[in-house]
$ cat start21.cif   # mmCIF, C-alpha atoms
data_structure
loop_
_atom_site.label_atom_id
_atom_site.label_comp_id
_atom_site.auth_asym_id
_atom_site.auth_seq_id
_atom_site.Cartn_x
_atom_site.Cartn_y
_atom_site.Cartn_z
CA MET A 1 11.57 19.70 4.71
CA THR A 2 11.99 17.21 7.56
CA PRO A 3 13.14 13.79 6.29
CA ALA A 4 10.45 11.11 6.53
CA ASP A 5 10.81 8.14 8.82
CA LEU A 6 8.36 6.18 6.65
CA LEU A 7 7.03 6.53 3.08
CA VAL A 8 4.26 4.16 1.97
CA VAL A 9 3.49 3.70 -1.75
CA VAL A 10 0.10 2.14 -2.55
CA ALA A 11 -2.39 1.92 -5.39
CA HIS A 12 -5.72 2.91 -3.81
CA PRO A 13 -7.22 4.81 -0.89
CA ASP A 14 -7.65 2.22 1.93
CA ASP A 15 -4.53 0.19 1.02
CA GLU A 16 -2.46 2.10 3.57
CA SER A 17 -4.88 1.51 6.46
CA LEU A 18 -5.73 -2.10 5.69
CA HIS A 19 -2.16 -3.30 5.18
CA CYS A 20 0.10 -1.08 7.27
CA GLY A 21 -2.08 1.22 9.34
CA GLY A 22 -0.39 0.04 12.52
CA LEU A 23 3.09 0.73 11.14
CA LEU A 24 2.07 4.22 10.02
CA HIS A 25 0.58 5.08 13.40
CA ARG A 26 3.55 3.69 15.30
CA ALA A 27 5.89 5.85 13.21
CA ALA A 28 3.85 8.93 14.15
CA LEU A 29 3.69 7.91 17.82
CA SER A 30 7.47 7.65 17.95
CA GLY A 31 7.78 11.22 16.69
CA GLY A 32 8.68 10.27 13.12
CA VAL A 33 7.29 11.72 9.91
CA ALA A 34 5.02 9.32 8.00
CA VAL A 35 4.05 9.99 4.37
CA THR A 36 1.76 8.11 1.99
CA VAL A 37 1.78 8.20 -1.81
CA THR A 38 -1.47 6.91 -3.31
CA LEU A 39 -1.34 6.46 -7.08
CA THR A 40 -5.07 6.43 -7.90
CA ARG A 41 -8.16 7.97 -6.35
CA GLY A 42 -10.00 4.65 -6.43
CA GLY A 43 -12.59 5.55 -9.02
CA ALA A 44 -13.22 1.93 -10.01
CA GLY A 45 -14.28 0.90 -6.51
CA ARG A 46 -17.76 0.32 -5.11
CA THR A 47 -20.06 3.18 -4.14
CA LEU A 48 -22.49 1.11 -2.00
CA GLY A 49 -25.10 3.69 -2.97
CA MET A 50 -23.34 6.44 -1.00
CA CYS A 51 -22.46 8.56 -4.02
CA THR A 52 -22.50 8.50 -7.79
CA VAL A 53 -19.75 6.80 -9.77
CA GLU A 54 -18.60 10.25 -10.88
CA GLU A 55 -18.35 11.42 -7.27
CA LEU A 56 -16.51 8.33 -6.03
CA PRO A 57 -12.89 9.49 -6.61
CA ALA A 58 -13.44 12.66 -4.56
CA VAL A 59 -15.28 10.73 -1.85
CA ARG A 60 -12.52 8.13 -1.57
CA GLU A 61 -9.86 10.81 -1.42
CA GLN A 62 -11.69 12.42 1.49
CA GLU A 63 -11.96 9.02 3.19
CA LEU A 64 -8.21 8.66 2.76
CA ARG A 65 -7.48 12.08 4.23
CA ARG A 66 -9.63 11.38 7.28
CA ALA A 67 -7.94 7.99 7.77
CA ALA A 68 -4.50 9.55 7.36
CA GLU A 69 -5.29 12.14 10.01
CA VAL A 70 -6.26 9.40 12.46
CA LEU A 71 -3.01 7.54 11.73
CA GLY A 72 -0.90 10.66 12.22
CA VAL A 73 0.30 10.79 8.62
CA GLU A 74 2.18 14.03 8.00
CA CYS A 75 1.38 14.21 4.29
CA ALA A 76 -0.99 12.12 2.16
CA GLU A 77 -0.04 12.63 -1.49
CA VAL A 78 -2.79 11.51 -3.87
CA HIS A 79 -2.44 11.13 -7.64
CA ASP A 80 -5.11 10.50 -10.24
CA LEU A 81 -3.77 7.68 -12.40
CA PRO A 82 -6.49 5.33 -13.71
CA ASP A 83 -7.86 2.89 -11.15
CA GLY A 84 -7.77 -0.53 -12.81
CA GLY A 85 -5.27 0.63 -15.43
CA LEU A 86 -2.23 1.51 -13.35
CA ALA A 87 -0.01 -0.94 -15.26
CA ASP A 88 -0.44 1.23 -18.38
CA HIS A 89 0.87 4.28 -16.52
CA GLU A 90 3.94 2.98 -14.73
CA PRO A 91 6.32 5.68 -16.11
CA GLU A 92 4.10 8.46 -14.76
CA GLY A 93 3.70 6.65 -11.46
CA ALA A 94 7.45 6.14 -11.10
CA ALA A 95 8.00 9.86 -11.72
CA PHE A 96 5.54 10.72 -8.93
CA VAL A 97 7.22 8.34 -6.49
CA LEU A 98 10.73 9.46 -7.44
CA ASP A 99 9.74 13.06 -6.77
CA ALA A 100 8.41 12.06 -3.34
CA LEU A 101 11.60 10.12 -2.55
CA ARG A 102 13.75 13.13 -3.40
CA ARG A 103 11.62 15.51 -1.36
CA TRP A 104 11.13 13.32 1.72
CA THR A 105 14.40 11.27 1.71
CA PRO A 106 12.71 8.50 3.72
CA ARG A 107 14.52 6.11 6.02
CA ARG A 108 12.04 3.33 5.22
CA VAL A 109 9.79 2.63 2.21
CA VAL A 110 6.83 0.24 2.19
CA THR A 111 4.95 -1.00 -0.86
CA PHE A 112 3.25 -4.09 -2.31
CA PRO A 113 5.06 -7.36 -3.14
CA PRO A 114 5.39 -8.81 -6.69
CA ASN A 115 2.12 -10.76 -6.37
CA GLY A 116 0.24 -7.66 -5.25
CA LEU A 117 -0.63 -9.53 -2.04
CA ASN A 118 -3.88 -10.72 -3.62
CA GLY A 119 -3.05 -10.69 -7.34
CA HIS A 120 -4.63 -7.27 -7.96
CA PRO A 121 -3.13 -5.79 -11.16
CA ASP A 122 -2.92 -2.29 -9.65
CA HIS A 123 -1.15 -3.61 -6.55
CA ARG A 124 1.36 -5.40 -8.76
CA ALA A 125 1.86 -2.24 -10.80
CA ALA A 126 2.45 -0.25 -7.60
CA HIS A 127 5.24 -2.70 -6.72
CA HIS A 128 6.96 -2.11 -10.06
CA ILE A 129 6.41 1.64 -9.88
CA ALA A 130 7.96 1.89 -6.42
CA LEU A 131 10.99 -0.25 -7.29
CA THR A 132 11.56 1.60 -10.56
CA ALA A 133 11.57 4.88 -8.64
CA LEU A 134 13.94 3.46 -6.03
CA GLU A 135 16.36 2.31 -8.74
CA ARG A 136 16.42 5.83 -10.19
CA TYR A 137 16.67 7.41 -6.76
CA GLY A 138 20.10 5.89 -6.26
CA VAL A 139 19.87 5.74 -2.45
CA THR A 140 18.63 2.49 -0.95
CA PRO A 141 16.51 2.97 2.17
CA ASP A 142 15.12 0.09 4.21
CA VAL A 143 12.49 -1.41 1.87
CA LEU A 144 9.62 -3.51 3.22
CA LEU A 145 7.11 -5.35 1.03
CA VAL A 146 3.72 -6.12 2.56
CA THR A 147 3.15 -9.86 2.79
CA SER A 148 1.08 -12.47 4.60
CA THR A 149 1.87 -15.24 7.04
CA ALA A 150 -1.12 -17.29 5.88
CA PRO A 151 -1.57 -19.17 2.58
CA TYR A 152 -3.67 -17.44 -0.07
CA THR A 153 -6.99 -19.25 -0.38
CA GLU A 154 -9.28 -16.89 -2.33
CA GLY A 155 -10.91 -17.86 -5.61
CA ASP A 156 -10.31 -16.70 -9.17
CA ARG A 157 -11.08 -13.05 -9.96
CA PRO A 158 -11.16 -11.59 -13.48
CA GLY A 159 -8.00 -9.64 -14.26
CA PHE A 160 -6.20 -10.86 -11.14
CA LEU A 161 -3.36 -13.37 -10.95
CA ALA A 162 -4.57 -16.94 -10.57
CA PRO A 163 -4.69 -17.97 -6.90
CA SER A 164 -2.00 -20.60 -7.49
CA GLN A 165 0.32 -17.88 -8.84
CA VAL A 166 -0.45 -15.56 -5.95
CA GLU A 167 0.53 -18.29 -3.51
CA LYS A 168 3.58 -19.32 -5.53
CA LEU A 169 4.88 -15.74 -5.47
CA ARG A 170 4.05 -15.09 -1.81
CA LEU A 171 7.13 -13.76 -0.02
CA PRO A 172 8.15 -15.02 3.42
CA ALA A 173 7.47 -12.69 6.32
CA THR A 174 10.91 -11.66 7.57
CA VAL A 175 9.55 -8.81 9.70
CA GLN A 176 6.43 -9.05 11.86
CA MET A 177 5.31 -5.92 13.68
CA PRO A 178 2.74 -6.08 16.48
CA VAL A 179 0.14 -3.37 16.06
CA GLY A 180 -0.08 -3.04 19.85
CA ASP A 181 -1.26 0.33 21.11
CA SER A 182 -1.98 1.45 17.55
CA LEU A 183 -4.89 -0.98 17.15
CA GLU A 184 -7.58 1.55 18.01
CA ALA A 185 -6.19 4.07 15.52
CA LYS A 186 -5.92 1.41 12.81
CA LEU A 187 -9.55 0.36 13.32
CA ARG A 188 -10.74 3.97 13.31
CA ALA A 189 -8.84 4.60 10.06
CA MET A 190 -10.36 1.50 8.46
CA GLY A 191 -13.77 2.68 9.61
CA HIS A 192 -13.48 5.89 7.59
CA TYR A 193 -13.67 3.88 4.35
CA GLU A 194 -17.44 3.64 4.33
CA THR A 195 -17.69 3.21 0.55
CA GLN A 196 -15.30 0.27 0.80
CA ALA A 197 -17.02 -1.41 3.73
CA ARG A 198 -17.04 -4.77 1.94
CA SER A 199 -13.26 -4.71 1.64
CA VAL A 200 -12.92 -3.81 5.32
CA ALA A 201 -15.34 -6.60 6.26
CA LYS A 202 -13.35 -9.07 4.17
CA ILE A 203 -10.16 -8.23 6.04
CA LEU A 204 -11.96 -8.72 9.35
CA ARG A 205 -13.47 -12.02 8.21
CA CYS A 206 -10.61 -13.61 6.27
CA TYR A 207 -7.44 -12.06 7.67
CA PRO A 208 -8.10 -11.15 11.31
CA GLU A 209 -4.47 -11.88 12.21
CA THR A 210 -3.39 -8.78 10.25
CA LEU A 211 -5.27 -6.55 12.67
CA LEU A 212 -2.85 -7.47 15.45
CA THR A 213 0.36 -8.18 13.53
CA GLU A 214 1.49 -6.69 10.21
CA ALA A 215 3.87 -8.80 8.15
CA PHE A 216 6.56 -7.62 5.73
CA HIS A 217 9.40 -8.97 3.62
CA ARG A 218 12.57 -6.90 3.93
CA MET A 219 14.51 -6.02 0.77
CA ARG A 220 17.28 -4.07 2.46
CA SER A 221 20.47 -3.85 0.43
CA ARG A 222 23.26 -1.34 -0.19
CA ARG A 223 23.34 -2.42 -3.84
CA PRO A 224 20.89 -1.08 -6.45
CA LEU A 225 17.44 -2.66 -6.29
CA HIS A 226 16.41 -4.86 -9.19
CA LEU A 227 12.83 -5.20 -10.36
CA THR A 228 11.10 -8.50 -9.80
CA ARG A 229 10.31 -10.05 -13.17
CA ARG A 230 6.61 -10.28 -13.90
CA PRO A 231 5.16 -13.83 -13.95
#
$ encode --input "start21.cif" --output "structure tokens"
Amino acid sequence: MTPADLLVVVAHPDDESLHCGGLLHRAALSGGVAVTVTLTRGGAGRTLGMCTVEELPAVREQELRRAAEVLGVECAEVHDLPDGGLADHEPEGAAFVLDALRRWTPRRVVTFPPNGLNGHPDHRAAHHIALTALERYGVTPDVLLVTSTAPYTEGDRPGFLAPSQVEKLRLPATVQMPVGDSLEAKLRAMGHYETQARSVAKILRCYPETLLTEAFHRMRSRRPLHLTRRP
């Protein structure tokens, strides 16, 4: 198996395109191998009347696979942990990610930051899952956590971190990557998430800067990674 240039660990189908679609496509353009590990099939998302609730996980997985093809992702690994309950399944998630790390031996790993970027409990769980797997892996690749250059200004959402906590835990952007020639591919990938059109529209409306520049916080270290304590 060819070692991966980039391995992205996320919670839901669409996370990869919305938050690092440009980075994924640039890795593929440069001849590298890009891999995504998605921990849920997104069954708790919206259907927008396009399918039944029961059909949604399969529909979202297909949306993911079409988006991944556009972005040049070599392998899109999809698991079926509970959407909305990922925090209760962190050991299983860490085992999935550890297996992917051992198989793909990636040079760079990308995942969510401690605040989940927007306080989403599944995003925060994905952060802990990825770092737990990296601790067990024993090799420390270049680790990037998705972040934002703009203050968090959204309102309270049930089950999410309070907005003040999201902002307090926001990590500084130490790496900013212009999307550049990958913009068209990123937009096409986002467009495949028809059932999640409201989420795509929200990114376009509230965070247009992320379309052109993706921001990350680097956690590179030769020492073992340590989990960020939960707030």
$ residues_around --input "start21.cif" --residues "Thr40 in chain A" --least-positions-apart "3" --cutoff "12 Å" --atoms "all atoms listed in the file" --output "MDAnalysis selection string"
chainID A and resid 9:15 37 43:45 56:58 60:61 64 77:87 89:90 92:93 96 122:123 125:126
$ write_last_selection --input "start21.cif" --atoms "C-alpha atoms" --output "mmCIF file, in the frame of the given file"
data_model
loop_
_atom_site.group_PDB
_atom_site.id
_atom_site.type_symbol
_atom_site.label_atom_id
_atom_site.label_comp_id
_atom_site.auth_asym_id
_atom_site.auth_seq_id
_atom_site.Cartn_x
_atom_site.Cartn_y
_atom_site.Cartn_z
ATOM 1 C CA VAL A 9 3.490 3.700 -1.750
ATOM 2 C CA VAL A 10 0.100 2.140 -2.550
ATOM 3 C CA ALA A 11 -2.390 1.920 -5.390
ATOM 4 C CA HIS A 12 -5.720 2.910 -3.810
ATOM 5 C CA PRO A 13 -7.220 4.810 -0.890
ATOM 6 C CA ASP A 14 -7.650 2.220 1.930
ATOM 7 C CA ASP A 15 -4.530 0.190 1.020
ATOM 8 C CA VAL A 37 1.780 8.200 -1.810
ATOM 9 C CA GLY A 43 -12.590 5.550 -9.020
ATOM 10 C CA ALA A 44 -13.220 1.930 -10.010
ATOM 11 C CA GLY A 45 -14.280 0.900 -6.510
ATOM 12 C CA LEU A 56 -16.510 8.330 -6.030
ATOM 13 C CA PRO A 57 -12.890 9.490 -6.610
ATOM 14 C CA ALA A 58 -13.440 12.660 -4.560
ATOM 15 C CA ARG A 60 -12.520 8.130 -1.570
ATOM 16 C CA GLU A 61 -9.860 10.810 -1.420
ATOM 17 C CA LEU A 64 -8.210 8.660 2.760
ATOM 18 C CA GLU A 77 -0.040 12.630 -1.490
ATOM 19 C CA VAL A 78 -2.790 11.510 -3.870
ATOM 20 C CA HIS A 79 -2.440 11.130 -7.640
ATOM 21 C CA ASP A 80 -5.110 10.500 -10.240
ATOM 22 C CA LEU A 81 -3.770 7.680 -12.400
ATOM 23 C CA PRO A 82 -6.490 5.330 -13.710
ATOM 24 C CA ASP A 83 -7.860 2.890 -11.150
ATOM 25 C CA GLY A 84 -7.770 -0.530 -12.810
ATOM 26 C CA GLY A 85 -5.270 0.630 -15.430
ATOM 27 C CA LEU A 86 -2.230 1.510 -13.350
ATOM 28 C CA ALA A 87 -0.010 -0.940 -15.260
ATOM 29 C CA HIS A 89 0.870 4.280 -16.520
ATOM 30 C CA GLU A 90 3.940 2.980 -14.730
ATOM 31 C CA GLU A 92 4.100 8.460 -14.760
ATOM 32 C CA GLY A 93 3.700 6.650 -11.460
ATOM 33 C CA PHE A 96 5.540 10.720 -8.930
ATOM 34 C CA ASP A 122 -2.920 -2.290 -9.650
ATOM 35 C CA HIS A 123 -1.150 -3.610 -6.550
ATOM 36 C CA ALA A 125 1.860 -2.240 -10.800
ATOM 37 C CA ALA A 126 2.450 -0.250 -7.600
#
$ residues_near_point --input "start21.cif" --point "(-1.4, -7.8, 13.4)" --cutoff "8 Å" --atoms "all atoms listed in the file" --output "ChimeraX atom specification"
/A:22,177-179,208-215
$ atom_distance --input "start21.cif" --atom1 "CA of Leu161 in chain A" --atom2 "CA of Arg124 in chain A"
9.5 Å
$ resolve_selection --input "start21.cif" --expression "the PyMOL selection byres ((chain A and resi 75) around 10)" --output "ChimeraX atom specification"
/A:4,7,33-37,65,68-69,72-74,76-78
$ resolve_selection --input "start21.cif" --expression "the PyMOL selection byres ((chain A and resi 190-193) around 10)" --output "ChimeraX atom specification"
/A:13-18,21,59-68,70,184-189,194-201
$ resolve_selection --input "start21.cif" --expression "the PyMOL selection byres ((chain A and resi 98) around 9)" --output "list of chain:residue names"
A:Gly93, A:Ala94, A:Ala95, A:Phe96, A:Val97, A:Asp99, A:Ala100, A:Leu101, A:Arg102, A:Arg103, A:Ala130, A:Thr132, A:Ala133, A:Leu134, A:Arg136, A:Tyr137
$ axis_aligned_box --input "start21.cif" --around "range 135-152 of chain A" --padding-each-side "8 Å" --output "lines of an AutoDock Vina configuration file"
center_x = 8.2
center_y = -5.9
center_z = -1.6
size_x = 39.8
size_y = 42.6
size_z = 33.2
$ residues_around --input "start21.cif" --residues "Val143 in chain A" --least-positions-apart "2" --cutoff "12 Å" --atoms "all atoms listed in the file" --output "ChimeraX atom specification"
/A:5-9,106-113,127,130-131,134-135,139-141,145-146,174-175,216-222,224-225
$ decode --input "start21.cif" --residues "range 120-157 of chain A" --atoms "C-alpha atoms" --output "compact mmCIF listing (two decimals), in the first residue's frame"
# COMPACT_ATOMS: atom_id res chain seq x y z
CA HIS A 120 -20.55 20.23 17.85
CA PRO A 121 -20.25 17.25 20.24
CA ASP A 122 -19.40 14.84 17.40
CA HIS A 123 -16.68 17.16 16.10
CA ARG A 124 -15.19 17.35 19.60
CA ALA A 125 -15.36 13.57 19.90
CA ALA A 126 -13.59 13.20 16.55
CA HIS A 127 -10.75 15.34 17.93
CA HIS A 128 -10.33 13.05 20.93
CA ILE A 129 -10.66 9.92 18.81
CA ALA A 130 -7.96 11.06 16.39
CA LEU A 131 -5.52 12.09 19.11
CA THR A 132 -6.10 8.90 21.08
CA ALA A 133 -5.30 6.89 17.95
CA LEU A 134 -2.19 8.99 17.29
CA GLU A 135 -0.95 8.40 20.85
CA ARG A 136 -1.30 4.65 20.36
CA TYR A 137 0.22 4.79 16.90
CA GLY A 138 3.55 5.85 18.35
CA VAL A 139 4.70 7.76 15.25
CA THR A 140 3.99 11.47 15.18
CA PRO A 141 3.14 12.80 11.71
CA ASP A 142 2.49 16.45 10.97
CA VAL A 143 -0.86 17.08 12.72
CA LEU A 144 -3.11 19.96 11.68
CA LEU A 145 -6.30 20.94 13.51
CA VAL A 146 -8.94 22.81 11.51
CA THR A 147 -9.50 26.28 12.93
CA SER A 148 -10.87 29.70 12.02
CA THR A 149 -9.34 33.13 11.63
CA ALA A 150 -12.61 34.84 12.56
CA PRO A 151 -14.29 35.04 16.00
CA TYR A 152 -17.14 32.61 16.63
CA THR A 153 -20.41 34.55 16.64
CA GLU A 154 -23.17 31.93 16.34
CA GLY A 155 -25.90 31.52 18.93
CA ASP A 156 -26.59 28.77 21.47
CA ARG A 157 -27.47 25.33 20.11
